[in-house]
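Chemist: File follows, protein01.txt with compact mmCIF, C-alpha atoms:
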```txt
# COMPACT_ATOMS: atom_id res chain seq x y z
CA MET R 1 -35.08 30.33 -27.25
CA GLY R 2 -31.53 30.54 -28.56
CA LEU R 3 -28.11 28.93 -28.87
CA ASN R 4 -26.73 28.43 -25.37
CA THR R 5 -24.02 26.39 -23.86
CA SER R 6 -25.80 23.93 -21.67
CA LYS R 7 -25.69 24.23 -17.92
CA LEU R 8 -23.74 20.97 -17.67
CA PRO R 9 -20.03 21.58 -17.13
CA ASN R 10 -18.27 21.41 -20.51
CA GLY R 11 -21.52 20.21 -22.02
CA PRO R 12 -22.37 20.42 -25.72
CA GLU R 13 -23.84 23.47 -27.39
CA MET R 14 -27.61 23.25 -27.60
CA TYR R 15 -30.69 25.24 -28.41
CA VAL R 16 -32.44 25.75 -25.12
CA GLY R 17 -36.13 26.50 -24.85
CA GLU R 18 -38.62 26.26 -22.07
CA GLY R 19 -38.40 22.73 -20.74
CA TYR R 20 -36.25 21.33 -23.53
CA GLY R 21 -32.83 21.45 -25.10
CA LEU R 22 -31.95 20.53 -28.64
CA THR R 23 -28.59 19.12 -29.68
CA GLN R 24 -27.04 16.20 -31.52
CA ILE R 25 -27.14 12.73 -29.99
CA GLU R 26 -23.48 12.27 -30.95
CA LYS R 27 -22.55 15.17 -28.68
CA VAL R 28 -24.66 13.92 -25.78
CA ILE R 29 -23.15 10.45 -26.05
CA GLY R 30 -19.69 11.97 -26.30
CA MET R 31 -20.30 13.99 -23.16
CA ALA R 32 -21.63 10.96 -21.30
CA ARG R 33 -18.71 8.78 -22.33
CA ALA R 34 -16.09 11.42 -21.59
CA ASN R 35 -17.37 11.92 -18.06
CA SER R 36 -17.69 8.27 -17.11
CA ILE R 37 -14.39 6.73 -18.17
CA TRP R 38 -13.52 3.40 -16.58
CA PRO R 39 -9.73 3.20 -16.75
CA LEU R 40 -7.79 -0.05 -16.67
CA PRO R 41 -4.44 0.72 -14.98
CA PHE R 42 -1.68 -1.37 -16.55
CA ALA R 43 1.08 -0.24 -14.20
CA THR R 44 4.48 -1.88 -14.47
CA SER R 45 6.84 0.62 -12.82
CA CYS R 46 7.35 4.09 -11.35
CA CYS R 47 4.73 5.77 -13.55
CA GLY R 48 2.25 3.50 -11.78
CA ILE R 49 3.26 5.09 -8.47
CA GLU R 50 2.53 8.53 -9.91
CA PHE R 51 -0.83 7.17 -11.05
CA MET R 52 -1.58 6.10 -7.46
CA ALA R 53 -1.01 9.72 -6.43
CA THR R 54 -3.27 10.80 -9.31
CA MET R 55 -6.05 8.58 -7.96
CA ALA R 56 -5.57 9.67 -4.34
CA SER R 57 -7.24 12.59 -2.58
CA THR R 58 -4.96 15.51 -3.56
CA TYR R 59 -5.35 15.05 -7.31
CA ASP R 60 -8.40 12.76 -7.34
CA LEU R 61 -9.05 11.42 -10.81
CA GLY R 62 -12.63 10.84 -9.61
CA ARG R 63 -13.30 14.53 -10.24
CA PHE R 64 -13.20 13.77 -13.95
CA GLY R 65 -15.66 10.91 -13.80
CA ALA R 66 -12.95 8.26 -13.78
CA GLU R 67 -13.57 7.19 -10.20
CA ARG R 68 -14.13 3.54 -10.94
CA LEU R 69 -11.01 1.65 -12.00
CA SER R 70 -11.72 -1.52 -13.88
CA PHE R 71 -9.32 -4.37 -13.31
CA SER R 72 -11.08 -6.42 -15.94
CA PRO R 73 -10.33 -5.35 -19.52
CA ARG R 74 -13.84 -6.41 -20.56
CA GLN R 75 -15.43 -3.56 -18.59
CA ALA R 76 -12.81 -0.87 -19.24
CA ASP R 77 -12.93 2.07 -21.65
CA LEU R 78 -9.42 3.42 -21.26
CA LEU R 79 -6.22 1.38 -21.13
CA MET R 80 -3.61 3.33 -19.16
CA VAL R 81 -0.17 1.85 -19.80
CA MET R 82 2.19 3.18 -17.16
CA GLY R 83 5.74 1.92 -17.15
CA THR R 84 8.36 -0.07 -19.01
CA ILE R 85 6.94 -2.79 -21.22
CA ALA R 86 9.45 -5.58 -21.80
CA LYS R 87 9.26 -7.38 -25.13
CA LYS R 88 8.02 -10.44 -23.25
CA MET R 89 5.14 -8.35 -21.88
CA GLY R 90 4.19 -7.08 -25.37
CA PRO R 91 1.87 -9.99 -26.35
CA ILE R 92 0.18 -9.84 -22.92
CA LEU R 93 -0.50 -6.12 -23.33
CA LYS R 94 -1.91 -6.79 -26.79
CA GLN R 95 -4.16 -9.51 -25.40
CA VAL R 96 -5.47 -7.15 -22.71
CA TYR R 97 -6.17 -4.55 -25.42
CA THR R 98 -8.04 -7.00 -27.64
CA GLN R 99 -10.16 -8.13 -24.67
CA MET R 100 -11.49 -4.59 -24.21
CA ALA R 101 -14.83 -3.79 -25.79
CA GLU R 102 -15.24 -0.94 -28.28
CA PRO R 103 -15.14 1.98 -27.98
CA LYS R 104 -11.76 1.95 -26.27
CA TRP R 105 -8.92 4.38 -25.85
CA VAL R 106 -5.26 4.01 -24.91
CA ILE R 107 -3.00 6.42 -23.04
CA ALA R 108 0.76 5.82 -22.86
CA VAL R 109 1.97 7.34 -19.59
CA GLY R 110 5.67 8.19 -19.36
CA ALA R 111 8.75 7.89 -21.52
CA CYS R 112 8.98 4.07 -21.35
CA ALA R 113 5.45 3.37 -22.51
CA SER R 114 5.74 6.08 -25.17
CA SER R 115 9.14 5.23 -26.64
CA GLY R 116 11.07 2.79 -24.45
CA GLY R 117 12.52 5.70 -22.47
CA ILE R 118 16.07 5.24 -21.26
CA PHE R 119 15.82 1.50 -21.92
CA ASP R 120 17.12 1.50 -25.47
CA THR R 121 18.05 -2.16 -25.21
CA TYR R 122 17.36 -5.67 -26.48
CA SER R 123 14.77 -6.62 -23.88
CA VAL R 124 12.47 -3.59 -23.87
CA LEU R 125 9.65 -2.77 -26.27
CA GLN R 126 10.50 0.58 -27.86
CA GLY R 127 7.09 2.12 -27.19
CA ILE R 128 3.73 0.38 -26.81
CA ASP R 129 2.65 1.76 -30.20
CA LYS R 130 4.74 -1.07 -31.64
CA VAL R 131 1.96 -3.49 -30.56
CA ILE R 132 -1.24 -1.46 -29.98
CA PRO R 133 -2.59 1.89 -31.25
CA VAL R 134 -2.19 4.80 -28.81
CA ASP R 135 -4.45 7.86 -28.51
CA VAL R 136 -2.53 10.08 -26.09
CA TYR R 137 1.13 10.11 -25.03
CA VAL R 138 2.10 11.66 -21.69
CA PRO R 139 5.78 12.66 -21.59
CA GLY R 140 7.88 12.57 -18.41
CA CYS R 141 10.07 10.19 -16.48
CA PRO R 142 7.88 9.78 -14.55
CA PRO R 143 5.20 12.36 -15.39
CA PRO R 144 3.76 14.10 -12.31
CA PRO R 145 0.06 13.65 -11.49
CA GLU R 146 -0.68 17.00 -13.17
CA ALA R 147 0.69 15.62 -16.45
CA ILE R 148 -1.37 12.43 -16.14
CA LEU R 149 -4.48 14.55 -15.47
CA ASP R 150 -3.61 16.62 -18.56
CA GLY R 151 -3.47 13.36 -20.55
CA ILE R 152 -6.88 12.36 -19.18
CA LEU R 153 -8.31 15.77 -20.21
CA LYS R 154 -6.89 15.25 -23.72
CA ILE R 155 -8.55 11.81 -23.81
CA GLN R 156 -11.82 13.41 -22.70
CA GLU R 157 -11.58 15.90 -25.60
CA LEU R 158 -10.98 12.99 -28.00
CA ILE R 159 -13.97 11.10 -26.61
CA LYS R 160 -16.28 14.13 -26.74
CA ASN R 161 -15.45 14.85 -30.36
CA GLU R 162 -15.35 11.30 -31.67
CA PRO R 163 -17.88 10.69 -34.48
CA LEU R 164 -20.36 7.96 -33.53
CA ARG R 165 -19.42 5.80 -36.51
CA ARG R 166 -15.65 6.15 -36.19
CA ARG R 167 -15.26 2.56 -34.94
CA GLU R 168 -16.96 1.24 -38.09
CA SER R 169 -14.89 3.40 -40.44
CA ALA R 170 -12.43 2.02 -42.97
CA GLU R 171 -9.63 4.13 -41.48
CA TYR R 172 -10.16 2.62 -38.04
CA ASN R 173 -10.25 -0.91 -39.42
CA ASP R 174 -7.07 -0.21 -41.38
CA LEU R 175 -5.45 1.04 -38.18
CA LEU R 176 -6.33 -2.19 -36.35
CA GLN R 177 -5.27 -4.27 -39.35
CA SER R 178 -1.87 -2.58 -39.27
CA TYR R 179 -1.47 -4.06 -35.78
CA GLN R 180 -2.89 -7.44 -36.86
CA ILE R 181 -5.87 -6.96 -34.56
CA ASP R 182 -9.22 -8.19 -35.86
CA MET M 1 35.28 -25.79 15.30
CA ALA M 2 38.54 -25.35 13.47
CA GLU M 3 39.57 -21.89 12.37
CA ALA M 4 38.98 -20.85 8.77
CA ASN M 5 39.95 -17.63 7.08
CA ASN M 6 41.10 -16.52 3.64
CA GLN M 7 44.72 -17.52 4.27
CA ILE M 8 43.92 -20.98 5.62
CA LEU M 9 41.45 -21.52 2.79
CA SER M 10 43.87 -20.53 0.02
CA GLU M 11 46.66 -22.65 1.49
CA ALA M 12 44.37 -25.67 1.75
CA ILE M 13 43.20 -25.18 -1.85
CA SER M 14 46.76 -24.93 -3.15
CA ALA M 15 47.80 -28.04 -1.20
CA GLN M 16 44.82 -30.05 -2.49
CA PHE M 17 44.70 -29.01 -6.15
CA GLY M 18 48.25 -27.75 -6.88
CA SER M 19 48.80 -26.43 -10.38
CA GLN M 20 45.19 -26.99 -11.42
CA VAL M 21 44.42 -23.87 -9.45
CA LEU M 22 45.74 -21.21 -11.81
CA SER M 23 45.76 -18.27 -9.40
CA ILE M 24 44.48 -17.11 -6.04
CA GLU M 25 44.27 -13.40 -5.37
CA GLU M 26 42.71 -11.37 -2.61
CA THR M 27 40.88 -8.13 -3.43
CA TYR M 28 39.00 -6.20 -0.76
CA ALA M 29 39.28 -9.16 1.64
CA THR M 30 37.63 -11.51 -0.87
CA LEU M 31 39.44 -14.35 -2.64
CA ASP M 32 39.36 -14.64 -6.42
CA ILE M 33 40.26 -18.20 -7.35
CA VAL M 34 40.87 -19.13 -10.99
CA VAL M 35 40.77 -22.87 -11.66
CA GLU M 36 41.05 -25.22 -14.64
CA LYS M 37 37.74 -26.05 -16.27
CA SER M 38 38.38 -29.79 -15.79
CA ILE M 39 38.34 -29.59 -11.98
CA ILE M 40 35.53 -27.11 -11.42
CA ILE M 41 32.96 -29.64 -10.18
CA PRO M 42 35.38 -31.69 -7.99
CA PHE M 43 36.75 -28.39 -6.69
CA ILE M 44 33.40 -26.99 -5.56
CA SER M 45 32.33 -30.42 -4.35
CA TRP M 46 35.49 -30.64 -2.19
CA LEU M 47 34.74 -27.20 -0.71
CA LYS M 48 31.14 -28.11 -0.03
CA THR M 49 31.92 -31.38 1.74
CA HIS M 50 35.08 -30.15 3.48
CA LYS M 51 34.82 -30.66 7.25
CA THR M 52 36.09 -27.19 8.14
CA PHE M 53 35.10 -24.97 5.23
CA GLN M 54 31.54 -26.26 4.64
CA VAL M 55 30.85 -23.99 1.66
CA ASN M 56 27.12 -24.59 1.69
CA PHE M 57 25.65 -21.75 -0.36
CA LEU M 58 25.84 -20.73 -4.02
CA THR M 59 25.16 -16.99 -3.92
CA SER M 60 25.38 -16.36 -7.63
CA LEU M 61 26.58 -17.75 -10.90
CA CYS M 62 27.14 -15.65 -13.99
CA GLY M 63 29.04 -15.28 -17.23
CA VAL M 64 31.45 -12.61 -18.46
CA HIS M 65 32.64 -11.91 -22.01
CA PHE M 66 36.19 -10.69 -22.63
CA PRO M 67 36.39 -10.54 -26.45
CA GLU M 68 40.06 -9.43 -26.41
CA GLN M 69 41.34 -12.50 -24.51
CA ASN M 70 42.32 -15.07 -27.10
CA ASP M 71 40.97 -18.56 -26.23
CA ARG M 72 39.81 -17.24 -22.84
CA GLU M 73 36.94 -15.12 -24.17
CA LEU M 74 34.24 -16.42 -21.89
CA SER M 75 34.28 -16.75 -18.15
CA VAL M 76 31.93 -18.36 -15.66
CA VAL M 77 32.03 -16.89 -12.15
CA TYR M 78 30.73 -18.75 -9.10
CA HIS M 79 30.06 -16.72 -5.97
CA LEU M 80 30.24 -19.09 -3.02
CA HIS M 81 29.54 -18.55 0.65
CA SER M 82 30.23 -20.56 3.76
CA PHE M 83 27.56 -19.63 6.29
CA ILE M 84 29.40 -21.53 9.01
CA ASN M 85 32.69 -19.66 8.61
CA ASN M 86 31.28 -16.44 7.18
CA ILE M 87 33.68 -16.62 4.24
CA ARG M 88 32.74 -15.55 0.74
CA PHE M 89 34.84 -15.97 -2.38
CA ARG M 90 34.65 -16.10 -6.16
CA VAL M 91 35.69 -18.96 -8.41
CA HIS M 92 36.49 -18.15 -12.04
CA VAL M 93 36.73 -20.51 -15.00
CA PHE M 94 37.76 -19.36 -18.48
CA LEU M 95 36.45 -20.96 -21.67
CA PRO M 96 37.29 -20.45 -25.35
CA ALA M 97 34.47 -18.88 -27.40
CA SER M 98 34.89 -21.71 -29.91
CA GLN M 99 33.89 -24.32 -27.30
CA PRO M 100 31.69 -22.66 -24.66
CA GLU M 101 30.96 -25.77 -22.61
CA ILE M 102 31.28 -26.52 -18.92
CA PRO M 103 29.77 -29.20 -16.65
CA THR M 104 26.63 -28.24 -14.78
CA LEU M 105 26.69 -27.36 -11.09
CA THR M 106 23.09 -28.48 -10.59
CA THR M 107 24.44 -31.81 -9.31
CA LEU M 108 25.73 -29.94 -6.24
CA PHE M 109 23.46 -26.91 -5.89
CA ALA M 110 19.83 -26.87 -7.07
CA ALA M 111 20.13 -23.06 -7.08
CA ALA M 112 22.42 -23.37 -10.11
CA ASN M 113 19.51 -24.45 -12.30
CA TRP M 114 18.00 -21.06 -13.18
CA MET M 115 21.34 -19.24 -12.92
CA GLU M 116 22.84 -21.56 -15.53
CA ARG M 117 19.80 -21.08 -17.77
CA GLU M 118 20.29 -17.32 -17.49
CA THR M 119 24.03 -17.60 -18.22
CA PHE M 120 23.28 -19.80 -21.23
CA GLU M 121 20.71 -17.28 -22.43
CA PHE M 122 22.99 -14.26 -22.24
CA TYR M 123 26.37 -15.77 -23.17
CA GLY M 124 25.57 -19.01 -24.99
CA ILE M 125 27.57 -21.06 -22.47
CA LYS M 126 26.36 -24.65 -22.55
CA PHE M 127 26.16 -26.36 -19.17
CA LEU M 128 26.64 -30.04 -19.93
CA GLY M 129 24.27 -32.27 -17.96
CA HIS M 130 21.84 -29.46 -17.10
CA PRO M 131 18.32 -30.94 -16.76
CA ASP M 132 16.52 -28.25 -18.81
CA LEU M 133 18.80 -25.75 -20.55
CA ARG M 134 16.20 -23.38 -22.08
CA ILE M 135 16.36 -19.57 -22.04
CA ILE M 136 14.52 -18.13 -19.07
CA LEU M 137 14.22 -14.33 -19.13
CA ASN M 138 13.81 -13.02 -22.67
CA VAL M 139 11.13 -13.67 -25.28
CA GLU M 140 11.10 -17.35 -26.26
CA ASP M 141 12.12 -16.67 -29.86
CA MET M 142 15.27 -14.73 -28.89
CA ASP M 143 17.76 -15.99 -31.47
CA TYR M 144 21.05 -14.65 -30.11
CA HIS M 145 22.90 -14.23 -26.84
CA PRO M 146 22.50 -10.51 -26.18
CA LEU M 147 25.32 -9.87 -23.68
CA LEU M 148 28.05 -11.13 -26.04
CA LYS M 149 29.84 -7.96 -26.99
CA GLN M 150 29.63 -8.44 -30.76
CA TYR M 151 25.93 -7.55 -30.49
CA PRO M 152 24.95 -3.87 -30.15
CA LEU M 153 23.46 -2.85 -26.82
CA VAL M 154 20.92 -0.48 -28.38
CA ASP M 155 17.72 -1.82 -29.87
CA ALA M 156 17.43 -1.82 -33.65
CA THR M 157 13.71 -1.02 -33.55
CA ARG M 158 14.18 2.34 -31.82
CA THR M 159 12.76 5.11 -34.00
CA ASP M 160 12.58 8.27 -31.89
CA LYS M 161 16.32 8.88 -31.54
CA ASP M 162 18.38 10.94 -33.94
CA ASP M 163 21.58 8.93 -34.43
CA LYS M 164 23.56 12.14 -34.78
CA TYR M 165 22.95 12.99 -31.12
CA PHE M 166 23.18 9.50 -29.65
CA GLY M 167 26.37 8.21 -31.23
CA ARG M 168 24.89 5.42 -33.27
```
Go through the file and emit its structure as structure tokens.
Modeler:
Amino acid sequence: MGLNTSKLPNGPEMYVGEGYGLTQIEKVIGMARANSIWPLPFATSCCGIEFMATMASTYDLGRFGAERLSFSPRQADLLMVMGTIAKKMGPILKQVYTQMAEPKWVIAVGACASSGGIFDTYSVLQGIDKVIPVDVYVPGCPPPPEAILDGILKIQELIKNEPLRRRESAEYNDLLQSYQID
Amino acid sequence: MAEANNQILSEAISAQFGSQVLSIEETYATLDIVVEKSIIIPFISWLKTHKTFQVNFLTSLCGVHFPEQNDRELSVVYHLHSFINNIRFRVHVFLPASQPEIPTLTTLFAAANWMERETFEFYGIKFLGHPDLRIILNVEDMDYHPLLKQYPLVDATRTDKDDKYFGR
């Protein structure tokens, strides 16, 4: 008996004895969530094309447990915003976000989703964090599949280490309130 | 079918409308015709129903802003095309910024409907008689006409740029 890393890839630390392992439920749930992400691709431009390459055989996002894309926000864990979001699209994006069930994460893929990119102009939202909270930003115009995978790995780290009660915390509620999301 | 080319077309226009046609120039084999605002609809109507020219297609309609031209600040440009004669040309009308009004072309071309809404949205040009002159592309609560040059091109809500490096 002793402190071992579990035999699961990137699994939590646990005390392993004969026929049992002892760890925290928070860590087990984190591991389960991180390795079964259902992403909702919200692709509006060229970053979406890079995402298609990320999903396809060479890069294969399925290797990270995100095989199953959800095209319904109600069944998705991760909102992947890939591309320019016009101001007119802003309320629609926010509606998609509010339709997702907790816990949920957001990744802004590419310069446009992160900051408006080259479109510093009257019609384009200057970053999706003007309307919804964002967990991970992926830079690039567009980012290559490797960069998107790196963003997914960062999201997985966030998910693994998220405290179970984070979504009930005052900080999290304040964050949503700052975006006028109930 | 009678012959039609740029020369025949410009001569026929001059003969029909005289001094109400302010200028006709040819650039890169395409005519630029500047006409008085008052004749724009009869002018395009005459071209459309003309036996030879049969200008049957409105390719595009847009606005332009020239802030330095006194009393001719705004312009409406009609791109017209005769499929039958394979002739394309542009018709320009100038308007003062103080009275940006022009009759609608929707009476002749249904295609003008959305194009005029777009031109109204971006330049504030009012198309008199248009069936539904609402803005069409931007957010519904857009409260200015963004392509008029007195408004800055860059977005005021941008936060990640250092003005020092981007000339703002």
Chemist: For atom CA of R:Ile29 and atom CA of R:Ala66, determine how far apart the two atoms are, in Å to one decimal place.
Modeler: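 Between atom CA of R:Ile29 and atom CA of R:Ala66 the gap is 16.1 Å.
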Chemist: Using all atoms listed in the file and a distance of at most 7 Å, pull out the residues of chain M that contact chain R, as a list in words.
Modeler: Asn138, Val139, Leu153, Val154, Asp155, Thr157, Arg158 and Asp160 of chain M
Chemist: Residues proximal to (-10.4, -5.3, -20.9) were defined as those with any atom within 7 Å of that point in the file's coordinates, counting all atoms listed in the file. Which are they, as number ranges by chain?
Modeler: R: 72-76, 96-97, 99-101
Chemist: Given all atoms listed in the file as the basis, pick out the residue of M:Ser45, M:Ser14, M:Gln54, M:Thr104 nearest to M:Glu116.
Modeler: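 Answer, going by the shortest atom-to-atom distance: M:Thr104.
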Chemist: Can you tell me, as lines of an AutoDock Vina configuration file, the centre and edge lengths (Å, one decimal) of the axis-aligned box enclosing all of stretch 57-62 of chain R's listed atoms after padding each side by 8 Å?
Modeler:
```
center_x = -8.8
center_y = 13.2
center_z = -6.7
size_x = 23.7
size_y = 20.7
size_z = 24.2
```
Chemist: Figure out the distance between atom CA of M:Gly18 and atom CA of M:Thr52, please, to one decimal in Å.
Modeler: 19.3 Å
Chemist: Hey, can you check how far atom CA of M:Phe66 sits from atom CA of M:Phe94?
Modeler: 9.7 Å
Chemist: Please provide as a count of residues only all residues within 9 Å of M:Ile136, with the sequence filter that same-chain residues fewer than 5 positions apart are discarded (counting only C-alpha atoms).
Modeler: 4
